[in-house]
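Novice: This is the structure I have questions about; it appears just below.
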Amino acid sequence: MNLKIPHYLGTIVGYLPLLETLICTTPPENQLSPTPLAERFFQKLREFQNKGTKKPMKRSFIVFFAGLLVLSTGAFANTQGTNTNTVSPTLAISATIQEAVQLTLTTGVTAGVSHCAVVAAGGSPDYTMNFGTVDALGINAGNCNKFTPTTPGTTNAIYWTDYSLNPLYTSQATTGASTITAYVSANFVGPNISIVRTTVADQSTVPANAAAFTNMSTSSAAQDTIATAADMTGAGNGGTLNRFIGVGIAPTNGAANLTGLQTATVTFTMTIH
């Protein structure tokens with residue numbers, strides 16, 4: 001006994017010619033290209049239209065919607081097509097962006113002073129600087145500039161130079177509280193030599209005399225701020241900041257390690273926030 005086709009299923013089957021027409025006339029970039037499985041679905045649906053069916057109605061609906069699913073899937077396959085001379089595959093491109101920071105030191109460029117060279121060491125330490133031969137009375141010229149002691153035999157001689165900080169940073173969410181700090185992370189062995197910087201830690205103008213210098217911090221917990229956000233934003237990001245550093249030689253007697261080569265290390269830290 002043949003099953004009578006319900007009116008709503010007959011309506012769906014009636015749209016078959018329209019569906020086929022749409023597939024053939026849709027613009028190539030959006031065209032649905034029937035797969036072999038889809039073609040088979042059309043054939044079965046035509047048989048259903050022309051002859052009715054002996055299958056249960058439930059199964060007919062399953063076949064119908066399975067066919068629609070096949071066609072829907074084909075709509076998103078843009079790498080091949082038939083009855084067209086155009087295909088439009090798509091490519092999703094992704095990349096993971098990270099924050100980046102860079103702080104380099106270079107030889108100073110301040111006019112009117114001599115410059116101790118900042119030499120890239122390519123390891124640890126990252127840079128070196130040599131003030132040459134120095135003494136507490138300021139007799140030796142050293143390699144750069146010097147201030148003789150205000151009171152020889154009592155106050156320090158200062159051998160000093162300018163140098164350049166070159167901050168650079170990208171993809172940072174905030175920059176308004178950024179800083180560059182410095183401290184002596186490994187001090188001299190000798191008791192009569194110290195690292196000095198200008199009394200105003202972020203001073204960029206040429207110091208006038210020995211009194212313009214003071215000892216640099218030796219504490220990582222209390223570092224000297226040698227640049228602030230005002231120096232490092234805008235043109236300061238990627239620009240050059242001039243600063244001054246030196247060694248103070250004290251007129252000390254009667255102790256060990258008062259002469260010979262001495263080495264200390266200064267650590268600079270740039271924080272963008």
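How things are named: the first chain in the structure tokens is A, the next is B, and so on; residues count from 1 in each chain; ligands count from 1 in the order shown.
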Can you tell me which residues surround stretch 182-191 of chain A at a distance of at most 10 Å, considering only C-alpha atoms, apart from same-chain residues fewer than 4 positions away, and format the answer as a ChimeraX atom specification?
Specialist: /A:195-197,201,215-227,249-250,252-253,255-270
Novice: Write the selection just made, keeping C-alpha atoms, as a PDB file, in the first residue's frame?
Specialist:
ATOM      1  CA  ILE A 195      81.248  55.211  40.898  1.00  0.00           C
ATOM      2  CA  VAL A 196      79.761  58.704  40.759  1.00  0.00           C
ATOM      3  CA  ARG A 197      76.902  60.318  38.822  1.00  0.00           C
ATOM      4  CA  ALA A 201      70.514  61.930  38.685  1.00  0.00           C
ATOM      5  CA  ASN A 215      78.197  58.514  44.716  1.00  0.00           C
ATOM      6  CA  MET A 216      75.870  56.235  42.765  1.00  0.00           C
ATOM      7  CA  SER A 217      73.616  53.943  44.782  1.00  0.00           C
ATOM      8  CA  THR A 218      74.962  50.498  45.612  1.00  0.00           C
ATOM      9  CA  SER A 219      71.541  49.111  46.592  1.00  0.00           C
ATOM     10  CA  SER A 220      69.214  47.285  44.218  1.00  0.00           C
ATOM     11  CA  ALA A 221      66.342  48.284  46.515  1.00  0.00           C
ATOM     12  CA  ALA A 222      67.150  52.014  46.226  1.00  0.00           C
ATOM     13  CA  GLN A 223      68.358  52.575  42.698  1.00  0.00           C
ATOM     14  CA  ASP A 224      69.001  56.003  41.199  1.00  0.00           C
ATOM     15  CA  THR A 225      66.348  57.134  38.693  1.00  0.00           C
ATOM     16  CA  ILE A 226      68.293  58.522  35.757  1.00  0.00           C
ATOM     17  CA  ALA A 227      65.337  58.872  33.345  1.00  0.00           C
ATOM     18  CA  ILE A 249      89.177  58.985  43.799  1.00  0.00           C
ATOM     19  CA  ALA A 250      89.514  59.603  47.540  1.00  0.00           C
ATOM     20  CA  THR A 252      92.951  57.527  51.339  1.00  0.00           C
ATOM     21  CA  ASN A 253      96.163  56.181  52.905  1.00  0.00           C
ATOM     22  CA  ALA A 255      94.786  50.587  53.581  1.00  0.00           C
ATOM     23  CA  ALA A 256      95.006  47.661  51.211  1.00  0.00           C
ATOM     24  CA  ASN A 257      94.072  47.716  47.501  1.00  0.00           C
ATOM     25  CA  LEU A 258      94.710  51.425  47.073  1.00  0.00           C
ATOM     26  CA  THR A 259      96.434  51.136  43.687  1.00  0.00           C
ATOM     27  CA  GLY A 260      96.247  49.081  40.528  1.00  0.00           C
ATOM     28  CA  LEU A 261      93.444  48.177  38.167  1.00  0.00           C
ATOM     29  CA  GLN A 262      89.977  48.330  39.715  1.00  0.00           C
ATOM     30  CA  THR A 263      86.678  47.266  38.131  1.00  0.00           C
ATOM     31  CA  ALA A 264      83.036  47.762  39.119  1.00  0.00           C
ATOM     32  CA  THR A 265      79.733  47.027  37.376  1.00  0.00           C
ATOM     33  CA  VAL A 266      76.712  49.295  36.984  1.00  0.00           C
ATOM     34  CA  THR A 267      73.326  47.733  36.174  1.00  0.00           C
ATOM     35  CA  PHE A 268      70.749  49.802  34.291  1.00  0.00           C
ATOM     36  CA  THR A 269      67.064  48.812  34.353  1.00  0.00           C
ATOM     37  CA  MET A 270      64.372  50.179  32.059  1.00  0.00           C
TER      38      MET A 270
END
Novice: What's around A:Pro251 at 10 Å? Count only C-alpha atoms, leave out sequence neighbours fewer than 6 positions away in its own chain, and write the answer as a PyMOL selection string.
Specialist: chain A and resi 135-137+149+152-157+192-193+258
Novice: Could the residues in this selection be saved with C-alpha atoms as an mmCIF file, in the first residue's frame?
Specialist:
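The new file part15.cif reads:
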data_model
loop_
_atom_site.group_PDB
_atom_site.id
_atom_site.type_symbol
_atom_site.label_atom_id
_atom_site.label_comp_id
_atom_site.auth_asym_id
_atom_site.auth_seq_id
_atom_site.Cartn_x
_atom_site.Cartn_y
_atom_site.Cartn_z
ATOM 1 C CA ASP A 135 94.832 59.612 41.029
ATOM 2 C CA ALA A 136 93.347 61.423 44.034
ATOM 3 C CA LEU A 137 95.153 64.706 43.332
ATOM 4 C CA PRO A 149 89.800 68.120 44.197
ATOM 5 C CA PRO A 152 93.606 68.515 47.649
ATOM 6 C CA GLY A 153 94.310 65.776 50.159
ATOM 7 C CA THR A 154 90.807 66.146 51.634
ATOM 8 C CA THR A 155 88.176 65.957 48.879
ATOM 9 C CA ASN A 156 87.956 63.649 45.911
ATOM 10 C CA ALA A 157 89.223 64.059 42.396
ATOM 11 C CA ASN A 192 89.415 54.773 47.709
ATOM 12 C CA ILE A 193 87.409 54.605 44.459
ATOM 13 C CA LEU A 258 94.710 51.425 47.073
#
Novice: Return the single residue from A:Leu241, A:Ile272, A:Ala141, A:Leu165 that is closest to A:Ala100, with distances computed using only C-alpha atoms.
Specialist: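 Looking only at the distances to A:Ala100, the closest residue turns out to be A:Ile272.
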Novice: Identify, with DSSP run on backbone atoms, the residues in stretch 102-245 of chain A assigned to strand (DSSP E), and express the list as a PyMOL selection string.
Specialist: chain A and resi 102-107+119-120+127-128+145-147+157-170+179-186+193-198+213-215+224-228+241-245
Novice: With only C-alpha atoms as the atoms that count, which of A:Gly176, A:Thr228, A:Tyr163, A:Ala208 lies nearest to A:Thr110?
Specialist: A:Tyr163
Novice: Using only C-alpha atoms, which of A:Thr198, A:Asn166, A:Thr133, A:Ser204 sits nearest A:Ala235?
Specialist: A:Asn166
Novice: I'd like to know which of A:Ala230, A:Thr106, A:Ile97, A:Gly239 is closest to A:Thr128, using only C-alpha atoms.
Specialist: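 Counting only C-alpha atoms, the residue closest to A:Thr128 is A:Thr106.
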Novice: Just give me the gap between atom CA of A:Thr233 and atom CA of A:His115 in Å, one decimal is fine.
Specialist: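 That distance, rounded to one decimal, is 26.3 Å.
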Novice: Rank A:Gln172, A:Thr205, A:Thr181, A:Ser124 by their smallest atom-to-atom distance to A:Ala111, using only C-alpha atoms, and report the top residue only.
Specialist: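 Checking each of A:Gln172, A:Thr205, A:Thr181, A:Ser124 against A:Ala111, counting only C-alpha atoms, the winner is A:Thr205.
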